[in-house]
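Quick notes on the structure that follows.
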Amino acid sequence: MRKQDEKTRLTIEELEKKNAQLEQRNKELEAKMEYYKQQFALLQAKRFGTSSEKTDKDQLELQLFNEAEVSSAVLLAEPTLETISYTRKKKIGRTDRLNDLPVETIHYDLSDSEKVCSECDHSMHEMSTQVRKELKIIPAQVTVVEHVQHIYSCRHCETHAIKTPIKKAEMPKPVIKKGLASPSAVAFV
């Protein structure tokens, strides 16, 4: 029985030591946890908290430099208001810039034999024209060349037939599609 009492006493002592160690470890962990909570709260306050401007006491001394305002006790009259008016310039388009240049017009027309309808052999009328402008450069001289392409259709076919033929006079293609440059302008550049 003594052995058993002694054994029990040893296990109780061991358990008490372990319990004391666990309590010490628990206190350490609680202290660490409290430290981390405070660090987290501080970081959250810095990140999401309100920020206010704080004036430094050294900056308050800078108010002494108001000498000009303090010494000017004379009240000056309010300045009069000026009204400023302006007019907007009209936006100048690409073709508007060509108005001051001399114009050379070249017409591209069909021959009389080509102005006959291929469907009904009646004469065709001029339906519209197409105009393409390009710059022509003669050294020390710039002119505008208008290429006018005449387009024809048949009145008889427009009123009586299902199909209306349309004919365009042949015209040379531009050097740069939808550009103002002529072959001479490109060569000059």
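Starting from 1 in every chain, residues are counted up; chains themselves are A, B, ... following the order of the structure tokens, and ligands are numbered from 1 as listed.
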
TODO: Name the residues of stretch 23-172 of chain A that fall into alpha helix (DSSP H) according to DSSP on the backbone, using the chain letters and numbers of this document, as a ChimeraX atom specification.
DONE: /A:23-48,57-60,67-71,155-160

TODO: Write down as a ChimeraX atom specification the residues of stretch 38-173 of chain A whose backbone DSSP state falls under strand (DSSP E or B).
DONE: /A:103-108,116,123,125-138,141-153,166-168

Write the residues you've just listed into a file as a compact mmCIF listing (two decimals), in the first residue's frame, and include N, CA, C and O atoms for each of them.
# COMPACT_ATOMS: atom_id res chain seq x y z
N VAL A 103 -7.67 77.49 -108.57
CA VAL A 103 -8.27 76.19 -108.85
C VAL A 103 -8.15 75.89 -110.34
O VAL A 103 -8.46 76.72 -111.19
N GLU A 104 -7.72 74.70 -110.65
CA GLU A 104 -7.67 74.19 -112.01
C GLU A 104 -8.64 73.02 -112.05
O GLU A 104 -8.50 72.07 -111.28
N THR A 105 -9.66 73.08 -112.90
CA THR A 105 -10.68 72.04 -112.95
C THR A 105 -10.50 71.19 -114.20
O THR A 105 -10.37 71.71 -115.30
N ILE A 106 -10.50 69.88 -114.00
CA ILE A 106 -10.41 68.93 -115.10
C ILE A 106 -11.70 68.11 -115.09
O ILE A 106 -12.03 67.50 -114.07
N HIS A 107 -12.43 68.10 -116.22
CA HIS A 107 -13.68 67.34 -116.32
C HIS A 107 -13.41 66.02 -117.01
O HIS A 107 -12.71 65.96 -118.02
N TYR A 108 -13.98 64.97 -116.49
CA TYR A 108 -13.92 63.65 -117.09
C TYR A 108 -15.33 63.31 -117.52
O TYR A 108 -16.20 63.10 -116.68
N VAL A 116 -25.32 56.56 -124.32
CA VAL A 116 -26.50 55.84 -124.78
C VAL A 116 -26.69 54.64 -123.85
O VAL A 116 -25.75 53.93 -123.51
N SER A 123 -30.98 58.01 -124.82
CA SER A 123 -29.87 58.84 -124.33
C SER A 123 -29.94 58.95 -122.81
O SER A 123 -31.02 58.95 -122.23
N HIS A 125 -29.04 60.95 -119.15
CA HIS A 125 -28.87 62.31 -118.61
C HIS A 125 -27.80 62.29 -117.51
O HIS A 125 -27.50 61.24 -116.95
N GLU A 126 -27.25 63.46 -117.23
CA GLU A 126 -26.25 63.55 -116.17
C GLU A 126 -26.95 63.50 -114.82
O GLU A 126 -27.74 64.38 -114.48
N MET A 127 -26.69 62.49 -114.06
CA MET A 127 -27.34 62.26 -112.77
C MET A 127 -26.66 63.08 -111.67
O MET A 127 -27.33 63.70 -110.86
N SER A 128 -25.32 63.07 -111.64
CA SER A 128 -24.58 63.82 -110.62
C SER A 128 -23.13 63.92 -111.04
O SER A 128 -22.75 63.44 -112.10
N THR A 129 -22.34 64.55 -110.18
CA THR A 129 -20.91 64.61 -110.40
C THR A 129 -20.20 64.27 -109.10
O THR A 129 -20.77 64.43 -108.02
N GLN A 130 -19.00 63.77 -109.23
CA GLN A 130 -18.16 63.49 -108.08
C GLN A 130 -16.94 64.39 -108.20
O GLN A 130 -16.34 64.46 -109.28
N VAL A 131 -16.57 65.07 -107.11
CA VAL A 131 -15.44 65.98 -107.15
C VAL A 131 -14.39 65.49 -106.16
O VAL A 131 -14.70 65.21 -105.00
N ARG A 132 -13.15 65.37 -106.63
CA ARG A 132 -12.03 65.02 -105.77
C ARG A 132 -11.02 66.15 -105.88
O ARG A 132 -10.66 66.55 -106.98
N LYS A 133 -10.58 66.68 -104.76
CA LYS A 133 -9.61 67.76 -104.76
C LYS A 133 -8.25 67.22 -104.33
O LYS A 133 -8.17 66.39 -103.44
N GLU A 134 -7.20 67.72 -105.00
CA GLU A 134 -5.85 67.37 -104.60
C GLU A 134 -4.94 68.56 -104.85
O GLU A 134 -5.26 69.44 -105.65
N LEU A 135 -3.85 68.60 -104.12
CA LEU A 135 -2.90 69.70 -104.26
C LEU A 135 -1.89 69.36 -105.34
O LEU A 135 -1.34 68.27 -105.38
N LYS A 136 -1.66 70.33 -106.22
CA LYS A 136 -0.66 70.19 -107.25
C LYS A 136 0.42 71.21 -106.96
O LYS A 136 0.13 72.39 -106.80
N ILE A 137 1.66 70.77 -106.89
CA ILE A 137 2.75 71.69 -106.55
C ILE A 137 3.62 71.88 -107.78
O ILE A 137 4.16 70.92 -108.33
N ILE A 138 3.69 73.12 -108.18
CA ILE A 138 4.66 73.54 -109.18
C ILE A 138 5.67 74.31 -108.36
O ILE A 138 5.27 75.17 -107.57
N GLN A 141 4.88 77.35 -106.44
CA GLN A 141 3.49 77.64 -106.77
C GLN A 141 2.65 76.42 -106.38
O GLN A 141 3.01 75.28 -106.68
N VAL A 142 1.54 76.66 -105.72
CA VAL A 142 0.64 75.59 -105.33
C VAL A 142 -0.74 75.91 -105.87
O VAL A 142 -1.23 77.03 -105.68
N THR A 143 -1.37 74.97 -106.54
CA THR A 143 -2.74 75.16 -107.04
C THR A 143 -3.57 73.95 -106.65
O THR A 143 -3.03 72.88 -106.34
N VAL A 144 -4.87 74.13 -106.68
CA VAL A 144 -5.81 73.05 -106.40
C VAL A 144 -6.32 72.51 -107.72
O VAL A 144 -6.75 73.28 -108.59
N VAL A 145 -6.27 71.22 -107.90
CA VAL A 145 -6.80 70.58 -109.11
C VAL A 145 -8.06 69.83 -108.70
O VAL A 145 -8.01 68.95 -107.84
N GLU A 146 -9.18 70.22 -109.31
CA GLU A 146 -10.44 69.52 -109.05
C GLU A 146 -10.67 68.52 -110.16
O GLU A 146 -10.69 68.86 -111.33
N HIS A 147 -10.86 67.28 -109.80
CA HIS A 147 -11.18 66.23 -110.76
C HIS A 147 -12.68 66.01 -110.67
O HIS A 147 -13.18 65.54 -109.65
N VAL A 148 -13.43 66.38 -111.69
CA VAL A 148 -14.89 66.26 -111.70
C VAL A 148 -15.25 65.07 -112.57
O VAL A 148 -15.01 65.07 -113.78
N GLN A 149 -15.84 64.07 -111.97
CA GLN A 149 -16.23 62.86 -112.68
C GLN A 149 -17.73 62.93 -112.93
O GLN A 149 -18.52 63.00 -111.99
N HIS A 150 -18.15 62.90 -114.18
CA HIS A 150 -19.57 62.95 -114.53
C HIS A 150 -20.15 61.55 -114.49
O HIS A 150 -19.55 60.60 -115.00
N ILE A 151 -21.34 61.44 -113.89
CA ILE A 151 -22.01 60.15 -113.72
C ILE A 151 -23.36 60.24 -114.43
O ILE A 151 -24.12 61.19 -114.21
N TYR A 152 -23.69 59.25 -115.26
CA TYR A 152 -24.91 59.27 -116.07
C TYR A 152 -25.79 58.08 -115.74
O TYR A 152 -25.33 57.00 -115.36
N SER A 153 -27.10 58.34 -115.89
CA SER A 153 -28.07 57.25 -115.79
C SER A 153 -29.16 57.47 -116.83
O SER A 153 -29.29 58.57 -117.39
N ILE A 166 -25.98 52.75 -114.61
CA ILE A 166 -25.28 53.98 -114.25
C ILE A 166 -23.87 53.87 -114.80
O ILE A 166 -23.21 52.85 -114.63
N LYS A 167 -23.41 54.95 -115.49
CA LYS A 167 -22.08 54.95 -116.08
C LYS A 167 -21.30 56.13 -115.53
O LYS A 167 -21.84 57.22 -115.39
N LYS A 168 -20.03 55.88 -115.24
CA LYS A 168 -19.12 56.92 -114.76
C LYS A 168 -18.01 57.09 -115.78
O LYS A 168 -17.53 56.11 -116.36

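Of the listed residues A:Pro165, A:Pro172, A:Gly93, A:Pro102, the one whose atoms come nearest to A:Cys117 is A:Pro165, with distances taken using only C-alpha atoms.
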
- [ ] Just give me the gap between atom CA of A:Met124 and atom CA of A:Glu158 in Å, one decimal is fine.
- [x]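 Result for atom CA of A:Met124 versus atom CA of A:Glu158: 10.4 Å, one decimal.
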
Open item on the list: Just to confirm, what's the straight-line distance from atom CA of A:Asp112 to atom CA of A:Ile162 in Å (one decimal)?
Closed with: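 So the answer is 24.3 Å.
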
Open item on the list: If I take atom CA of A:Glu30 and atom CA of A:Gly49, how far is one from the other in Å, to one decimal?
Closed with: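 Computing it gives 26.4 Å between the two atoms.
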